[in-house]
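Q: Would you mind keeping the following structure in view while I ask a few things?
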Amino acid sequence: MRTRLSRAHPSDLEALIGLEALTFPEDPWSDVMLAEELSSPASRYWIARGEDDTPLGYAGVKIGGDQADVMTIGVRPEARGRGLGAALLDTLLRWAAAAGAHEIFLDVRPSNAAAIGLYESRGFVEIGRRPRYFRNPVEEAMEMRALLTRADAATATK
Ligand SMILES: CC(C)(COP(=O)(O)OP(=O)(O)OC[C@H]1O[C@@H](n2cnc3c(N)ncnc32)[C@H](O)[C@@H]1OP(=O)(O)O)[C@@H](O)C(=O)NCCC(=O)NCCS
């Protein structure tokens, strides 16, 4: 299936609420939190849609000075394993580099092998653990970091 990846705007809130429920069923962000993220000047979100406009995935990043944080990334279950997560993450990394970030951080459940595989494939390495960081179920976080290069920034799309 062909997919279209574009910047997410506040008008995409309903689509993101739906994707959030599908990708994080045990512990979704609240609608208010998603709305705040979509309108925050420090954050940028992207949404991937199929040919029929079905929302397939999304990702967001927050910038603070020369550091950035991956806020979230999710692909609906039936669209996984086709490179969409990687495409979303690459877009996010390029934008963060172009926006001036030199390094980027994230927190992931150590039990989330798919996400860790994706992050490691893009140069993230573990830098520490945060005890009892996640809820539902309670689990420590694996903190990861990647360096952003000028080459990342050079291929960024607006
Ligand atoms: C993590 C997630 C976004 C990956 O999306 P995806 O579209 O399936 O990922 P891709 O098809 O682009 O895979 C890219 C790379 O990630 C890794 N990967 C993906 N699925 C994997 C799995 N089940 N096990 C191990 N590595 C995996 C591989 O390195 C893969 O590259 P390869 O196909 O060349 O081997 C998706 O599984 C998801 O939405 N999970 C639920 C939400 C979530 O946990 N988000 C992360 C929170 S920190």
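Chain identifiers are assigned as A, B, and so on, following the order in which chains appear in the structure tokens; residues are numbered from 1 within each chain, and ligands are numbered from 1 in order of appearance.
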Any idea what's packed within 9 Å of His9 in chain A, counting only C-alpha atoms, ignoring anything in its chain fewer than 5 positions away? Could you give it as a list of chain:residue names?
A: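 Answer for this query is A:Leu38, A:Ser39, A:Arg44, A:Tyr45, A:Trp46.
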Q: Write out the residues from the selection above, keeping all heavy atoms, as a PDB file, in the first residue's frame.
A:
```
ATOM      1  N   LEU A  38       0.270  18.788  19.812  1.00  0.00           N
ATOM      2  CA  LEU A  38       0.090  19.209  18.418  1.00  0.00           C
ATOM      3  C   LEU A  38       0.190  20.717  18.247  1.00  0.00           C
ATOM      4  O   LEU A  38       0.520  21.200  17.168  1.00  0.00           O
ATOM      5  CB  LEU A  38      -1.276  18.738  17.894  1.00  0.00           C
ATOM      6  CG  LEU A  38      -1.342  17.300  17.392  1.00  0.00           C
ATOM      7  CD1 LEU A  38      -2.758  16.965  16.960  1.00  0.00           C
ATOM      8  CD2 LEU A  38      -0.373  17.077  16.235  1.00  0.00           C
ATOM      9  N   SER A  39      -0.104  21.463  19.322  1.00  0.00           N
ATOM     10  CA  SER A  39      -0.062  22.918  19.170  1.00  0.00           C
ATOM     11  C   SER A  39       1.168  23.535  19.832  1.00  0.00           C
ATOM     12  O   SER A  39       1.339  24.756  19.807  1.00  0.00           O
ATOM     13  CB  SER A  39      -1.344  23.543  19.732  1.00  0.00           C
ATOM     14  OG  SER A  39      -1.503  23.149  21.062  1.00  0.00           O
ATOM     15  N   ARG A  44       7.064  18.852  17.047  1.00  0.00           N
ATOM     16  CA  ARG A  44       6.594  18.641  15.677  1.00  0.00           C
ATOM     17  C   ARG A  44       6.171  17.192  15.506  1.00  0.00           C
ATOM     18  O   ARG A  44       6.856  16.278  15.959  1.00  0.00           O
ATOM     19  CB  ARG A  44       7.673  19.003  14.665  1.00  0.00           C
ATOM     20  CG  ARG A  44       7.130  18.870  13.250  1.00  0.00           C
ATOM     21  CD  ARG A  44       7.951  19.599  12.256  1.00  0.00           C
ATOM     22  NE  ARG A  44       7.899  21.025  12.432  1.00  0.00           N
ATOM     23  CZ  ARG A  44       7.888  21.890  11.397  1.00  0.00           C
ATOM     24  NH1 ARG A  44       7.883  21.452  10.163  1.00  0.00           N
ATOM     25  NH2 ARG A  44       7.900  23.179  11.596  1.00  0.00           N
ATOM     26  N   TYR A  45       5.031  17.023  14.864  1.00  0.00           N
ATOM     27  CA  TYR A  45       4.462  15.691  14.668  1.00  0.00           C
ATOM     28  C   TYR A  45       4.232  15.425  13.188  1.00  0.00           C
ATOM     29  O   TYR A  45       3.971  16.340  12.418  1.00  0.00           O
ATOM     30  CB  TYR A  45       3.122  15.566  15.436  1.00  0.00           C
ATOM     31  CG  TYR A  45       3.369  15.301  16.900  1.00  0.00           C
ATOM     32  CD1 TYR A  45       3.867  16.311  17.727  1.00  0.00           C
ATOM     33  CD2 TYR A  45       3.181  14.040  17.444  1.00  0.00           C
ATOM     34  CE1 TYR A  45       4.157  16.069  19.058  1.00  0.00           C
ATOM     35  CE2 TYR A  45       3.466  13.786  18.779  1.00  0.00           C
ATOM     36  CZ  TYR A  45       3.952  14.806  19.572  1.00  0.00           C
ATOM     37  OH  TYR A  45       4.250  14.554  20.892  1.00  0.00           O
ATOM     38  N   TRP A  46       4.305  14.157  12.823  1.00  0.00           N
ATOM     39  CA  TRP A  46       4.004  13.729  11.458  1.00  0.00           C
ATOM     40  C   TRP A  46       2.981  12.602  11.521  1.00  0.00           C
ATOM     41  O   TRP A  46       2.915  11.852  12.501  1.00  0.00           O
ATOM     42  CB  TRP A  46       5.263  13.214  10.757  1.00  0.00           C
ATOM     43  CG  TRP A  46       6.256  14.280  10.475  1.00  0.00           C
ATOM     44  CD1 TRP A  46       6.407  15.004   9.321  1.00  0.00           C
ATOM     45  CD2 TRP A  46       7.262  14.778  11.367  1.00  0.00           C
ATOM     46  NE1 TRP A  46       7.425  15.911   9.456  1.00  0.00           N
ATOM     47  CE2 TRP A  46       7.967  15.794  10.689  1.00  0.00           C
ATOM     48  CE3 TRP A  46       7.625  14.464  12.672  1.00  0.00           C
ATOM     49  CZ2 TRP A  46       9.010  16.493  11.283  1.00  0.00           C
ATOM     50  CZ3 TRP A  46       8.670  15.165  13.271  1.00  0.00           C
ATOM     51  CH2 TRP A  46       9.345  16.168  12.565  1.00  0.00           C
TER      52      TRP A  46
END
```
Q: Considering only C-alpha atoms, return as a PyMOL selection string whatever protein or nucleic-acid residues lie within 7 Å of Met142 in chain A, sequence-local ones (same chain, fewer than 5 positions apart) excluded.
A: chain A and resi 107-110+126+128-130
Q: So which residues are near ligand 1, meaning at most 9 Å away with only C-alpha atoms and all ligand atoms counted, given back as a CSV table (one decimal) with N, CA, C and O atoms, in the first residue's frame?
A:
```
chain,number,residue,atom,x,y,z
A,20,GLU,N,-3.3,6.6,18.7
A,20,GLU,CA,-2.8,6.4,20.1
A,20,GLU,C,-3.5,5.2,20.8
A,20,GLU,O,-2.8,4.4,21.4
A,22,LEU,N,-4.8,2.7,19.3
A,22,LEU,CA,-4.4,1.4,18.7
A,22,LEU,C,-3.0,1.0,19.0
A,22,LEU,O,-2.7,-0.2,19.1
A,23,THR,N,-2.1,2.0,19.2
A,23,THR,CA,-0.7,1.7,19.4
A,23,THR,C,-0.3,1.6,20.9
A,23,THR,O,0.7,0.9,21.2
A,24,PHE,N,-1.0,2.3,21.7
A,24,PHE,CA,-0.7,2.2,23.2
A,24,PHE,C,-1.9,1.9,24.0
A,24,PHE,O,-2.4,2.7,24.8
A,57,GLY,N,0.1,5.7,10.9
A,57,GLY,CA,1.2,5.9,11.9
A,57,GLY,C,1.5,7.3,12.2
A,57,GLY,O,1.0,8.2,11.5
A,58,TYR,N,2.2,7.6,13.3
A,58,TYR,CA,2.5,9.0,13.6
A,58,TYR,C,3.8,9.0,14.5
A,58,TYR,O,4.2,7.9,15.0
A,59,ALA,N,4.4,10.1,14.6
A,59,ALA,CA,5.6,10.3,15.4
A,59,ALA,C,5.7,11.7,15.8
A,59,ALA,O,5.3,12.6,15.0
A,70,VAL,N,12.5,12.1,21.4
A,70,VAL,CA,11.5,11.5,20.7
A,70,VAL,C,10.3,11.3,21.6
A,70,VAL,O,10.4,10.7,22.7
A,71,MET,N,9.2,12.0,21.3
A,71,MET,CA,8.0,12.0,22.2
A,71,MET,C,7.2,10.7,22.1
A,71,MET,O,6.7,10.1,23.0
A,72,THR,N,7.0,10.3,20.8
A,72,THR,CA,6.2,9.1,20.6
A,72,THR,C,6.4,8.6,19.2
A,72,THR,O,6.8,9.4,18.3
A,73,ILE,N,6.2,7.4,18.9
A,73,ILE,CA,6.1,6.8,17.6
A,73,ILE,C,5.2,5.6,17.6
A,73,ILE,O,5.3,4.8,18.5
A,74,GLY,N,4.4,5.5,16.6
A,74,GLY,CA,3.5,4.3,16.6
A,74,GLY,C,2.9,4.1,15.2
A,74,GLY,O,2.7,5.0,14.5
A,75,VAL,N,2.8,2.8,14.9
A,75,VAL,CA,2.2,2.3,13.6
A,75,VAL,C,1.1,1.4,13.9
A,75,VAL,O,1.3,0.5,14.8
A,76,ARG,N,0.0,1.5,13.3
A,76,ARG,CA,-1.2,0.7,13.6
A,76,ARG,C,-0.8,-0.8,13.3
A,76,ARG,O,0.0,-1.1,12.4
A,77,PRO,N,-1.2,-1.7,14.1
A,77,PRO,CA,-0.7,-3.1,14.1
A,77,PRO,C,-0.7,-3.7,12.7
A,77,PRO,O,0.3,-4.3,12.3
A,78,GLU,N,-1.7,-3.5,11.9
A,78,GLU,CA,-1.8,-4.2,10.6
A,78,GLU,C,-0.8,-3.6,9.5
A,78,GLU,O,-0.6,-4.1,8.5
A,79,ALA,N,-0.2,-2.4,9.9
A,79,ALA,CA,0.7,-1.8,8.9
A,79,ALA,C,2.1,-1.9,9.4
A,79,ALA,O,3.0,-1.3,8.7
A,80,ARG,N,2.4,-2.7,10.4
A,80,ARG,CA,3.8,-2.8,10.9
A,80,ARG,C,4.6,-3.7,10.0
A,80,ARG,O,4.1,-4.5,9.3
A,81,GLY,N,5.9,-3.6,10.2
A,81,GLY,CA,6.9,-4.5,9.4
A,81,GLY,C,7.0,-4.1,8.0
A,81,GLY,O,7.6,-4.9,7.2
A,82,ARG,N,6.6,-2.9,7.6
A,82,ARG,CA,6.8,-2.5,6.2
A,82,ARG,C,7.6,-1.3,6.0
A,82,ARG,O,7.5,-0.6,5.0
A,83,GLY,N,8.3,-0.9,7.1
A,83,GLY,CA,9.2,0.2,6.9
A,83,GLY,C,8.6,1.6,7.3
A,83,GLY,O,9.3,2.6,7.2
A,84,LEU,N,7.4,1.6,7.8
A,84,LEU,CA,6.7,2.8,8.1
A,84,LEU,C,7.3,3.5,9.3
A,84,LEU,O,7.5,4.7,9.4
A,85,GLY,N,7.6,2.6,10.4
A,85,GLY,CA,8.2,3.2,11.6
A,85,GLY,C,9.5,3.8,11.3
A,85,GLY,O,9.9,4.9,11.8
A,86,ALA,N,10.3,3.1,10.5
A,86,ALA,CA,11.6,3.6,10.1
A,86,ALA,C,11.5,5.0,9.3
A,86,ALA,O,12.3,5.9,9.6
A,87,ALA,N,10.5,5.0,8.4
A,87,ALA,CA,10.3,6.3,7.6
A,87,ALA,C,9.9,7.4,8.6
A,87,ALA,O,10.4,8.6,8.4
A,88,LEU,N,9.1,7.2,9.5
A,88,LEU,CA,8.7,8.2,10.5
A,88,LEU,C,9.8,8.6,11.3
A,88,LEU,O,10.1,9.8,11.5
A,89,LEU,N,10.6,7.7,11.8
A,89,LEU,CA,11.8,8.0,12.7
A,89,LEU,C,12.8,8.8,11.9
A,89,LEU,O,13.4,9.8,12.4
A,106,LEU,N,15.4,9.2,24.1
A,106,LEU,CA,14.1,8.6,24.3
A,106,LEU,C,14.1,7.6,25.4
A,106,LEU,O,15.2,7.2,25.9
A,107,ASP,N,12.9,7.3,25.8
A,107,ASP,CA,12.7,6.3,26.9
A,107,ASP,C,11.9,5.1,26.3
A,107,ASP,O,10.8,5.4,25.6
A,108,VAL,N,12.3,3.9,26.5
A,108,VAL,CA,11.6,2.8,25.9
A,108,VAL,C,11.5,1.7,26.9
A,108,VAL,O,12.4,1.5,27.7
A,109,ARG,N,10.4,0.9,26.9
A,109,ARG,CA,10.3,-0.3,27.8
A,109,ARG,C,11.3,-1.3,27.3
A,109,ARG,O,11.4,-1.7,26.1
A,112,ASN,N,10.1,-4.0,25.0
A,112,ASN,CA,9.6,-3.6,23.6
A,112,ASN,C,10.7,-3.8,22.6
A,112,ASN,O,11.3,-2.9,22.1
A,113,ALA,N,10.8,-5.1,22.2
A,113,ALA,CA,11.9,-5.5,21.3
A,113,ALA,C,11.8,-4.8,19.9
A,113,ALA,O,12.8,-4.5,19.3
A,114,ALA,N,10.5,-4.7,19.4
A,114,ALA,CA,10.4,-4.0,18.1
A,114,ALA,C,10.9,-2.6,18.1
A,114,ALA,O,11.6,-2.2,17.2
A,115,ALA,N,10.5,-1.8,19.1
A,115,ALA,CA,10.9,-0.4,19.2
A,115,ALA,C,12.4,-0.4,19.4
A,115,ALA,O,13.1,0.5,18.7
A,116,ILE,N,13.0,-1.2,20.3
A,116,ILE,CA,14.4,-1.1,20.5
A,116,ILE,C,15.2,-1.5,19.2
A,116,ILE,O,16.2,-0.9,18.9
A,117,GLY,N,14.7,-2.5,18.5
A,117,GLY,CA,15.3,-2.9,17.2
A,117,GLY,C,15.3,-1.7,16.2
A,117,GLY,O,16.3,-1.4,15.6
A,118,LEU,N,14.1,-1.0,16.2
A,118,LEU,CA,14.0,0.2,15.3
A,118,LEU,C,15.0,1.3,15.7
A,118,LEU,O,15.8,1.8,14.9
A,119,TYR,N,15.1,1.6,17.0
A,119,TYR,CA,16.0,2.6,17.5
A,119,TYR,C,17.4,2.3,17.3
A,119,TYR,O,18.2,3.1,16.9
A,120,GLU,N,17.8,1.0,17.6
A,120,GLU,CA,19.2,0.6,17.4
A,120,GLU,C,19.6,0.7,15.9
A,120,GLU,O,20.7,1.0,15.6
A,121,SER,N,18.6,0.4,15.0
A,121,SER,CA,18.9,0.5,13.6
A,121,SER,C,19.2,1.9,13.1
A,121,SER,O,19.8,2.1,12.1
A,122,ARG,N,18.8,2.9,14.0
A,122,ARG,CA,19.0,4.3,13.6
A,122,ARG,C,20.1,4.9,14.6
A,122,ARG,O,20.2,6.1,14.7
```
Q: Could you work out how far CA of Arg145 in chain A lies from CA of Gly100 in chain A, giving the answer in Å with one decimal?
A: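 So the answer is 15.9 Å.
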